[in-house]
$ cat coords_32.cif   # mmCIF, C-alpha atoms
data_run
#
loop_
_atom_site.group_PDB
_atom_site.id
_atom_site.type_symbol
_atom_site.label_atom_id
_atom_site.label_comp_id
_atom_site.auth_asym_id
_atom_site.auth_seq_id
_atom_site.Cartn_x
_atom_site.Cartn_y
_atom_site.Cartn_z
ATOM 1 C CA MET A 169 -157.420 -31.492 -36.993
ATOM 2 C CA LYS A 170 -157.161 -35.231 -37.363
ATOM 3 C CA PHE A 171 -159.479 -37.914 -36.116
ATOM 4 C CA LYS A 172 -158.023 -39.453 -32.973
ATOM 5 C CA LYS A 173 -156.614 -42.935 -33.190
ATOM 6 C CA PHE A 174 -155.934 -44.854 -29.999
ATOM 7 C CA GLY A 175 -152.380 -45.692 -29.009
ATOM 8 C CA ALA A 176 -151.679 -49.294 -27.985
ATOM 9 C CA THR A 177 -152.257 -48.645 -24.282
ATOM 10 C CA GLU A 178 -155.448 -46.667 -24.882
ATOM 11 C CA GLN A 179 -156.794 -49.426 -27.138
ATOM 12 C CA LYS A 180 -156.061 -52.136 -24.548
ATOM 13 C CA VAL A 181 -157.801 -50.087 -21.854
ATOM 14 C CA TYR A 182 -160.749 -49.299 -24.149
ATOM 15 C CA ASP A 183 -161.212 -53.002 -24.905
ATOM 16 C CA LEU A 184 -161.163 -53.864 -21.175
ATOM 17 C CA VAL A 185 -163.412 -51.002 -20.039
ATOM 18 C CA LYS A 186 -166.057 -50.970 -22.802
ATOM 19 C CA PRO A 187 -167.921 -54.092 -21.584
ATOM 20 C CA ILE A 188 -168.062 -52.586 -18.081
ATOM 21 C CA THR A 189 -169.424 -49.229 -19.223
ATOM 22 C CA ASP A 190 -171.920 -50.976 -21.515
ATOM 23 C CA GLU A 191 -173.131 -53.165 -18.642
ATOM 24 C CA LEU A 192 -173.542 -50.101 -16.402
ATOM 25 C CA GLY A 193 -175.510 -48.304 -19.125
ATOM 26 C CA TYR A 194 -172.854 -45.713 -19.944
ATOM 27 C CA TYR A 195 -171.363 -44.736 -23.282
ATOM 28 C CA LEU A 196 -167.549 -44.927 -23.284
ATOM 29 C CA TRP A 197 -166.727 -41.552 -24.848
ATOM 30 C CA ASP A 198 -162.931 -41.623 -24.757
ATOM 31 C CA VAL A 199 -159.796 -43.036 -23.160
ATOM 32 C CA CYS A 200 -156.764 -40.796 -22.745
ATOM 33 C CA TYR A 201 -153.371 -41.847 -21.459
ATOM 34 C CA GLU A 202 -151.204 -38.776 -21.022
ATOM 35 C CA LYS A 203 -148.244 -37.596 -19.008
ATOM 36 C CA GLU A 204 -148.727 -34.418 -16.994
ATOM 37 C CA GLY A 205 -145.455 -33.359 -15.438
ATOM 38 C CA ALA A 206 -143.937 -36.475 -13.914
ATOM 39 C CA VAL A 207 -147.260 -38.301 -13.517
ATOM 40 C CA TRP A 208 -149.120 -40.473 -16.026
ATOM 41 C CA HIS A 209 -152.916 -40.077 -16.075
ATOM 42 C CA LEU A 210 -155.322 -42.655 -17.440
ATOM 43 C CA CYS A 211 -158.611 -40.854 -18.024
ATOM 44 C CA ILE A 212 -161.825 -42.694 -18.833
ATOM 45 C CA PHE A 213 -164.611 -40.397 -20.069
ATOM 46 C CA ILE A 214 -168.184 -41.674 -19.885
ATOM 47 C CA ASP A 215 -171.582 -40.346 -20.909
ATOM 48 C CA SER A 216 -175.255 -41.290 -20.798
ATOM 49 C CA ASP A 217 -178.509 -39.902 -22.156
ATOM 50 C CA ASP A 218 -179.307 -38.652 -18.649
ATOM 51 C CA GLY A 219 -175.902 -37.017 -18.150
ATOM 52 C CA ILE A 220 -173.205 -38.105 -15.718
ATOM 53 C CA THR A 221 -173.100 -37.427 -11.992
ATOM 54 C CA ILE A 222 -170.340 -37.892 -9.447
ATOM 55 C CA GLN A 223 -172.201 -41.003 -8.298
ATOM 56 C CA ASP A 224 -172.036 -42.387 -11.851
ATOM 57 C CA CYS A 225 -168.278 -41.827 -11.891
ATOM 58 C CA GLU A 226 -167.908 -43.560 -8.520
ATOM 59 C CA ARG A 227 -170.116 -46.433 -9.697
ATOM 60 C CA ALA A 228 -167.941 -46.944 -12.780
ATOM 61 C CA THR A 229 -164.602 -46.466 -11.012
ATOM 62 C CA GLU A 230 -164.828 -49.549 -8.791
ATOM 63 C CA PRO A 231 -165.214 -52.194 -11.547
ATOM 64 C CA ILE A 232 -162.825 -50.317 -13.871
ATOM 65 C CA ASN A 233 -160.191 -50.170 -11.142
ATOM 66 C CA ALA A 234 -160.688 -53.875 -10.415
ATOM 67 C CA ILE A 235 -160.165 -54.963 -14.030
ATOM 68 C CA MET A 236 -157.182 -52.639 -14.407
ATOM 69 C CA ASP A 237 -155.582 -54.211 -11.317
ATOM 70 C CA ARG A 238 -156.378 -57.737 -12.512
ATOM 71 C CA GLU A 239 -155.320 -57.345 -16.169
ATOM 72 C CA ASP A 240 -152.522 -54.786 -15.610
ATOM 73 C CA PRO A 241 -152.481 -53.383 -19.200
ATOM 74 C CA VAL A 242 -150.339 -50.349 -18.278
ATOM 75 C CA SER A 243 -146.647 -50.939 -17.587
ATOM 76 C CA GLN A 244 -145.917 -47.928 -15.359
ATOM 77 C CA SER A 245 -147.768 -46.377 -12.451
ATOM 78 C CA TYR A 246 -150.591 -43.947 -13.251
ATOM 79 C CA VAL A 247 -153.488 -42.050 -11.755
ATOM 80 C CA LEU A 248 -156.891 -43.428 -12.810
ATOM 81 C CA GLU A 249 -159.593 -40.842 -13.406
ATOM 82 C CA VAL A 250 -163.168 -41.659 -14.413
ATOM 83 C CA GLY A 251 -165.212 -38.623 -15.368
ATOM 84 C CA SER A 252 -167.885 -37.080 -17.522
ATOM 85 C CA ALA A 253 -167.071 -36.194 -21.092
ATOM 86 C CA GLY A 254 -168.548 -32.760 -20.285
ATOM 87 C CA LEU A 255 -171.257 -30.651 -21.868
ATOM 88 C CA GLU A 256 -168.913 -28.937 -24.308
ATOM 89 C CA ARG A 257 -166.838 -32.004 -25.041
ATOM 90 C CA GLU A 258 -164.452 -32.089 -27.950
ATOM 91 C CA LEU A 259 -165.363 -34.352 -30.853
ATOM 92 C CA VAL A 260 -162.186 -36.259 -31.709
ATOM 93 C CA LYS A 261 -163.219 -39.610 -33.162
ATOM 94 C CA GLU A 262 -165.302 -40.348 -36.241
ATOM 95 C CA GLU A 263 -167.937 -42.039 -34.083
ATOM 96 C CA HIS A 264 -168.273 -38.832 -32.013
ATOM 97 C CA PHE A 265 -169.321 -36.963 -35.140
ATOM 98 C CA GLU A 266 -171.815 -39.701 -36.041
ATOM 99 C CA VAL A 267 -173.373 -39.675 -32.556
ATOM 100 C CA CYS A 268 -173.591 -35.866 -32.542
ATOM 101 C CA GLU A 269 -175.113 -35.288 -36.005
ATOM 102 C CA GLY A 270 -177.875 -32.720 -35.650
ATOM 103 C CA ASP A 271 -176.309 -31.164 -32.539
ATOM 104 C CA THR A 272 -174.993 -27.613 -32.391
ATOM 105 C CA VAL A 273 -171.198 -27.395 -32.428
ATOM 106 C CA ARG A 274 -168.527 -24.725 -32.120
ATOM 107 C CA ILE A 275 -165.788 -25.002 -34.723
ATOM 108 C CA ARG A 276 -162.543 -23.145 -33.981
ATOM 109 C CA PHE A 277 -160.343 -22.596 -37.018
ATOM 110 C CA ILE A 278 -156.562 -22.559 -37.097
ATOM 111 C CA ARG A 279 -156.671 -19.252 -38.987
ATOM 112 C CA ASN A 280 -159.523 -16.998 -40.061
ATOM 113 C CA THR A 281 -161.851 -18.797 -42.439
ATOM 114 C CA ASP A 282 -164.390 -16.718 -44.335
ATOM 115 C CA GLY A 283 -163.430 -13.867 -41.991
ATOM 116 C CA GLU A 284 -164.207 -15.871 -38.847
ATOM 117 C CA LYS A 285 -161.988 -17.501 -36.211
ATOM 118 C CA GLU A 286 -164.865 -19.715 -35.059
ATOM 119 C CA ILE A 287 -168.463 -20.494 -35.911
ATOM 120 C CA VAL A 288 -171.463 -22.091 -34.233
ATOM 121 C CA ALA A 289 -173.552 -24.291 -36.524
ATOM 122 C CA VAL A 290 -175.475 -27.561 -36.683
ATOM 123 C CA LEU A 291 -173.316 -30.618 -37.389
ATOM 124 C CA SER A 292 -174.478 -32.558 -40.421
ATOM 125 C CA GLY A 293 -171.533 -34.939 -40.836
ATOM 126 C CA ALA A 294 -167.810 -35.504 -40.949
ATOM 127 C CA ASP A 295 -165.373 -37.669 -42.824
ATOM 128 C CA LYS A 296 -161.746 -37.561 -43.999
ATOM 129 C CA ASN A 297 -162.633 -34.649 -46.305
ATOM 130 C CA GLY A 298 -163.976 -32.365 -43.603
ATOM 131 C CA VAL A 299 -166.743 -31.355 -41.246
ATOM 132 C CA SER A 300 -170.112 -30.523 -42.755
ATOM 133 C CA VAL A 301 -172.450 -28.070 -41.012
ATOM 134 C CA VAL A 302 -175.717 -26.284 -41.628
ATOM 135 C CA LEU A 303 -175.254 -22.533 -41.197
ATOM 136 C CA ASP A 304 -177.806 -20.058 -39.798
ATOM 137 C CA ASP A 305 -179.004 -19.185 -43.307
ATOM 138 C CA GLY A 306 -179.819 -22.871 -43.989
ATOM 139 C CA SER A 307 -176.897 -23.429 -46.348
ATOM 140 C CA THR A 308 -174.513 -26.351 -45.925
ATOM 141 C CA LYS A 309 -170.751 -25.885 -45.844
ATOM 142 C CA ILE A 310 -167.865 -28.324 -45.542
ATOM 143 C CA PHE A 311 -164.725 -27.174 -43.745
ATOM 144 C CA PRO A 312 -161.515 -29.151 -44.423
ATOM 145 C CA LEU A 313 -160.087 -30.923 -41.371
ATOM 146 C CA ALA A 314 -156.728 -29.216 -42.009
ATOM 147 C CA ASP A 315 -158.354 -25.817 -41.318
ATOM 148 C CA ILE A 316 -159.937 -26.834 -38.000
ATOM 149 C CA ALA A 317 -158.305 -26.518 -34.578
ATOM 150 C CA TYR A 318 -161.191 -28.261 -32.799
ATOM 151 C CA VAL A 319 -164.892 -29.080 -32.848
ATOM 152 C CA ARG A 320 -166.866 -29.077 -29.570
ATOM 153 C CA LEU A 321 -170.493 -29.482 -28.659
ATOM 154 C CA TYR A 322 -172.029 -26.078 -28.008
ATOM 155 C CA PHE A 323 -174.440 -25.206 -25.249
ATOM 156 C CA GLU A 324 -175.699 -21.674 -24.859
ATOM 157 C CA ILE A 325 -175.699 -20.616 -21.241
#
$ encode --input "coords_32.cif" --output "structure tokens"
Amino acid sequence: MKFKKFGATEQKVYDLVKPITDELGYYLWDVCYEKEGAVWHLCIFIDSDDGITIQDCERATEPINAIMDREDPVSQSYVLEVGSAGLERELVKEEHFEVCEGDTVRIRFIRNTDGEKEIVAVLSGADKNGVSVVLDDGSTKIFPLADIAYVRLYFEI
């Protein structure tokens, strides 16, 4: 696993969209610009302390679409999607780990680590050296980023 760095297009979009999401009271979780088949998708993921509804996505889409049309930061055609980051969102940027310290996460390993393919633990930090968690027995363990496939928030259903 590596911490996500924005590409040039994602950074331009982030810089344009962040003031809008801030003004609307949303946290701009992530911007993804990816090709799926023959179509490019520009996905804006938002969050708030109260969660995100379809109405929140609609409310954010109008001003985001307007600034994207006006500033035209993407050279080819794309599909704009504004959505919730989701309950079990993946933590991909350093700031995600900071915001989620103290939350329960699921860590999936690339290969078995300490006899486990994945663990559920409380996130206590992350940096270039690894992800630090508090295990069920109260001990703290740091897992190297190179051993981790992904880290997601965990919600027991």
$ residues_around --input "coords_32.cif" --residues "segment 285-288 of chain A" --least-positions-apart "2" --cutoff "8 Å" --atoms "all atoms listed in the file" --output "tab-separated table (two decimals) with C-alpha atoms, in the coordinates of the input"
chain	number	residue	atom	x	y	z
A	272	THR	CA	-174.99	-27.61	-32.39
A	273	VAL	CA	-171.20	-27.40	-32.43
A	274	ARG	CA	-168.53	-24.72	-32.12
A	275	ILE	CA	-165.79	-25.00	-34.72
A	276	ARG	CA	-162.54	-23.14	-33.98
A	277	PHE	CA	-160.34	-22.60	-37.02
A	278	ILE	CA	-156.56	-22.56	-37.10
A	279	ARG	CA	-156.67	-19.25	-38.99
A	280	ASN	CA	-159.52	-17.00	-40.06
A	281	THR	CA	-161.85	-18.80	-42.44
A	283	GLY	CA	-163.43	-13.87	-41.99
A	290	VAL	CA	-175.48	-27.56	-36.68
A	303	LEU	CA	-175.25	-22.53	-41.20
A	322	TYR	CA	-172.03	-26.08	-28.01
$ residues_around --input "coords_32.cif" --residues "Leu196 of chain A" --least-positions-apart "3" --cutoff "10 Å" --atoms "all atoms listed in the file" --output "tab-separated table (two decimals) with C-alpha atoms, in the frame of the given file"
chain	number	residue	atom	x	y	z
A	182	TYR	CA	-160.75	-49.30	-24.15
A	185	VAL	CA	-163.41	-51.00	-20.04
A	186	LYS	CA	-166.06	-50.97	-22.80
A	187	PRO	CA	-167.92	-54.09	-21.58
A	188	ILE	CA	-168.06	-52.59	-18.08
A	189	THR	CA	-169.42	-49.23	-19.22
A	190	ASP	CA	-171.92	-50.98	-21.52
A	193	GLY	CA	-175.51	-48.30	-19.12
A	199	VAL	CA	-159.80	-43.04	-23.16
A	212	ILE	CA	-161.82	-42.69	-18.83
A	213	PHE	CA	-164.61	-40.40	-20.07
A	214	ILE	CA	-168.18	-41.67	-19.89
A	215	ASP	CA	-171.58	-40.35	-20.91
A	216	SER	CA	-175.26	-41.29	-20.80
A	252	SER	CA	-167.88	-37.08	-17.52
A	253	ALA	CA	-167.07	-36.19	-21.09
$ closest_residue --input "coords_32.cif" --among "A:Leu184, A:Val267, A:Cys211, A:Val250" --to "Ser292 of chain A" --atoms "all atoms listed in the file"
A:Val267
$ resolve_selection --input "coords_32.cif" --expression "the PyMOL selection byres ((chain A and resi 228-243) around 8)" --output "MDAnalysis selection string"
chainID A and resid 177 180:181 184:185 188:189 192 224:227 244:245 248:250
$ closest_residue --input "coords_32.cif" --among "A:Ala289, A:Ala317, A:Ile325, A:Cys200" --to "Glu178 of chain A" --atoms "only C-alpha atoms"
A:Cys200
$ atom_distance --input "coords_32.cif" --atom1 "atom CA of Leu313 of chain A" --atom2 "atom CA of Ser300 of chain A"
10.1 Å
$ closest_residue --input "coords_32.cif" --among "A:Gly270, A:Glu204, A:Val247, A:Ile316" --to "Val302 of chain A" --atoms "all atoms listed in the file"
A:Gly270
$ axis_aligned_box --input "coords_32.cif" --around "segment 233-251 of chain A" --padding-each-side "6 Å" --output "AutoDock Vina command-line options"
--center_x -155.6 --center_y -48.2 --center_z -14.8 --size_x 31.3 --size_y 31.1 --size_z 20.8
$ closest_residue --input "coords_32.cif" --among "A:Ala176, A:Gly219, A:Gly251, A:Glu256" --to "Glu324 of chain A" --atoms "only C-alpha atoms"
A:Glu256
$ atom_distance --input "coords_32.cif" --atom1 "atom CA of Lys261 of chain A" --atom2 "atom CA of Ile222 of chain A"
24.8 Å
$ atom_distance --input "coords_32.cif" --atom1 "atom CA of Lys172 of chain A" --atom2 "atom CA of Leu255 of chain A"
19.4 Å
$ closest_residue --input "coords_32.cif" --among "A:Pro312, A:Gly254, A:Gly306, A:Gly175" --to "Ile220 of chain A" --atoms "only C-alpha atoms"
A:Gly254
$ residues_around --input "coords_32.cif" --residues "Glu202 of chain A" --least-positions-apart "5" --cutoff "10 Å" --atoms "all atoms listed in the file" --output "PDB file with C-alpha atoms, keeping the file's coordinate frame"
ATOM      1  CA  GLU A 178    -155.448 -46.667 -24.882  1.00  0.00           C
ATOM      2  CA  VAL A 207    -147.260 -38.301 -13.517  1.00  0.00           C
ATOM      3  CA  TRP A 208    -149.120 -40.473 -16.026  1.00  0.00           C
ATOM      4  CA  HIS A 209    -152.916 -40.077 -16.075  1.00  0.00           C
ATOM      5  CA  LEU A 210    -155.322 -42.655 -17.440  1.00  0.00           C
ATOM      6  CA  CYS A 211    -158.611 -40.854 -18.024  1.00  0.00           C
ATOM      7  CA  TYR A 246    -150.591 -43.947 -13.251  1.00  0.00           C
TER       8      TYR A 246
END
$ closest_residue --input "coords_32.cif" --among "A:Asp217, A:Glu266, A:Asp315, A:Glu284" --to "Gly298 of chain A" --atoms "all atoms listed in the file"
A:Asp315
$ build_atoms --input "coords_32.cif" --residues "segment 259-281 of chain A" --atoms "N, CA, C and O atoms" --output "short mmCIF file (atom, residue, chain, number, x, y, z; two decimals), keeping the file's coordinate frame"
data_model
loop_
_atom_site.label_atom_id
_atom_site.label_comp_id
_atom_site.auth_asym_id
_atom_site.auth_seq_id
_atom_site.Cartn_x
_atom_site.Cartn_y
_atom_site.Cartn_z
N LEU A 259 -165.11 -33.21 -29.98
CA LEU A 259 -165.36 -34.35 -30.85
C LEU A 259 -164.03 -34.70 -31.50
O LEU A 259 -163.45 -33.88 -32.22
N VAL A 260 -163.52 -35.90 -31.23
CA VAL A 260 -162.19 -36.26 -31.71
C VAL A 260 -162.14 -37.54 -32.53
O VAL A 260 -161.17 -37.78 -33.22
N LYS A 261 -163.19 -38.36 -32.42
CA LYS A 261 -163.22 -39.61 -33.16
C LYS A 261 -164.37 -39.58 -34.15
O LYS A 261 -165.37 -38.89 -33.95
N GLU A 262 -164.24 -40.33 -35.23
CA GLU A 262 -165.30 -40.35 -36.24
C GLU A 262 -166.65 -40.70 -35.63
O GLU A 262 -167.67 -40.10 -35.98
N GLU A 263 -166.66 -41.64 -34.69
CA GLU A 263 -167.94 -42.04 -34.08
C GLU A 263 -168.55 -40.90 -33.27
O GLU A 263 -169.77 -40.81 -33.14
N HIS A 264 -167.74 -39.99 -32.73
CA HIS A 264 -168.27 -38.83 -32.01
C HIS A 264 -169.11 -37.97 -32.96
O HIS A 264 -170.18 -37.48 -32.59
N PHE A 265 -168.61 -37.78 -34.16
CA PHE A 265 -169.32 -36.96 -35.14
C PHE A 265 -170.62 -37.64 -35.56
O PHE A 265 -171.63 -36.98 -35.76
N GLU A 266 -170.60 -38.96 -35.68
CA GLU A 266 -171.82 -39.70 -36.04
C GLU A 266 -172.87 -39.56 -34.94
O GLU A 266 -174.04 -39.29 -35.23
N VAL A 267 -172.46 -39.75 -33.69
CA VAL A 267 -173.37 -39.67 -32.56
C VAL A 267 -173.96 -38.27 -32.41
O VAL A 267 -175.10 -38.10 -31.98
N CYS A 268 -173.18 -37.26 -32.78
CA CYS A 268 -173.59 -35.87 -32.54
C CYS A 268 -174.20 -35.18 -33.76
O CYS A 268 -174.45 -33.96 -33.72
N GLU A 269 -174.46 -35.91 -34.84
CA GLU A 269 -175.11 -35.29 -36.01
C GLU A 269 -176.43 -34.67 -35.57
O GLU A 269 -177.19 -35.27 -34.81
N GLY A 270 -176.66 -33.44 -36.02
CA GLY A 270 -177.88 -32.72 -35.65
C GLY A 270 -177.70 -31.84 -34.42
O GLY A 270 -178.56 -31.02 -34.12
N ASP A 271 -176.59 -31.99 -33.71
CA ASP A 271 -176.31 -31.16 -32.54
C ASP A 271 -175.59 -29.89 -32.96
O ASP A 271 -174.93 -29.84 -34.00
N THR A 272 -175.69 -28.87 -32.13
CA THR A 272 -174.99 -27.61 -32.39
C THR A 272 -173.55 -27.74 -31.90
O THR A 272 -173.30 -28.23 -30.80
N VAL A 273 -172.62 -27.32 -32.75
CA VAL A 273 -171.20 -27.40 -32.43
C VAL A 273 -170.52 -26.03 -32.62
O VAL A 273 -171.02 -25.18 -33.34
N ARG A 274 -169.40 -25.89 -31.93
CA ARG A 274 -168.53 -24.72 -32.12
C ARG A 274 -167.28 -25.24 -32.84
O ARG A 274 -166.64 -26.18 -32.37
N ILE A 275 -166.99 -24.64 -33.97
CA ILE A 275 -165.79 -25.00 -34.72
C ILE A 275 -164.81 -23.85 -34.59
O ILE A 275 -165.12 -22.71 -34.95
N ARG A 276 -163.61 -24.14 -34.07
CA ARG A 276 -162.54 -23.14 -33.98
C ARG A 276 -161.56 -23.45 -35.10
O ARG A 276 -161.11 -24.58 -35.26
N PHE A 277 -161.25 -22.43 -35.89
CA PHE A 277 -160.34 -22.60 -37.02
C PHE A 277 -158.91 -22.27 -36.62
O PHE A 277 -158.67 -21.48 -35.70
N ILE A 278 -157.98 -22.82 -37.33
CA ILE A 278 -156.56 -22.56 -37.10
C ILE A 278 -156.24 -21.12 -37.47
O ILE A 278 -155.49 -20.44 -36.78
N ARG A 279 -156.82 -20.65 -38.55
CA ARG A 279 -156.67 -19.25 -38.99
C ARG A 279 -158.04 -18.79 -39.47
O ARG A 279 -158.93 -19.61 -39.68
N ASN A 280 -158.22 -17.50 -39.61
CA ASN A 280 -159.52 -17.00 -40.06
C ASN A 280 -159.98 -17.72 -41.33
O ASN A 280 -159.21 -17.87 -42.28
N THR A 281 -161.23 -18.13 -41.30
CA THR A 281 -161.85 -18.80 -42.44
C THR A 281 -163.13 -18.03 -42.74
O THR A 281 -163.97 -17.88 -41.86
#
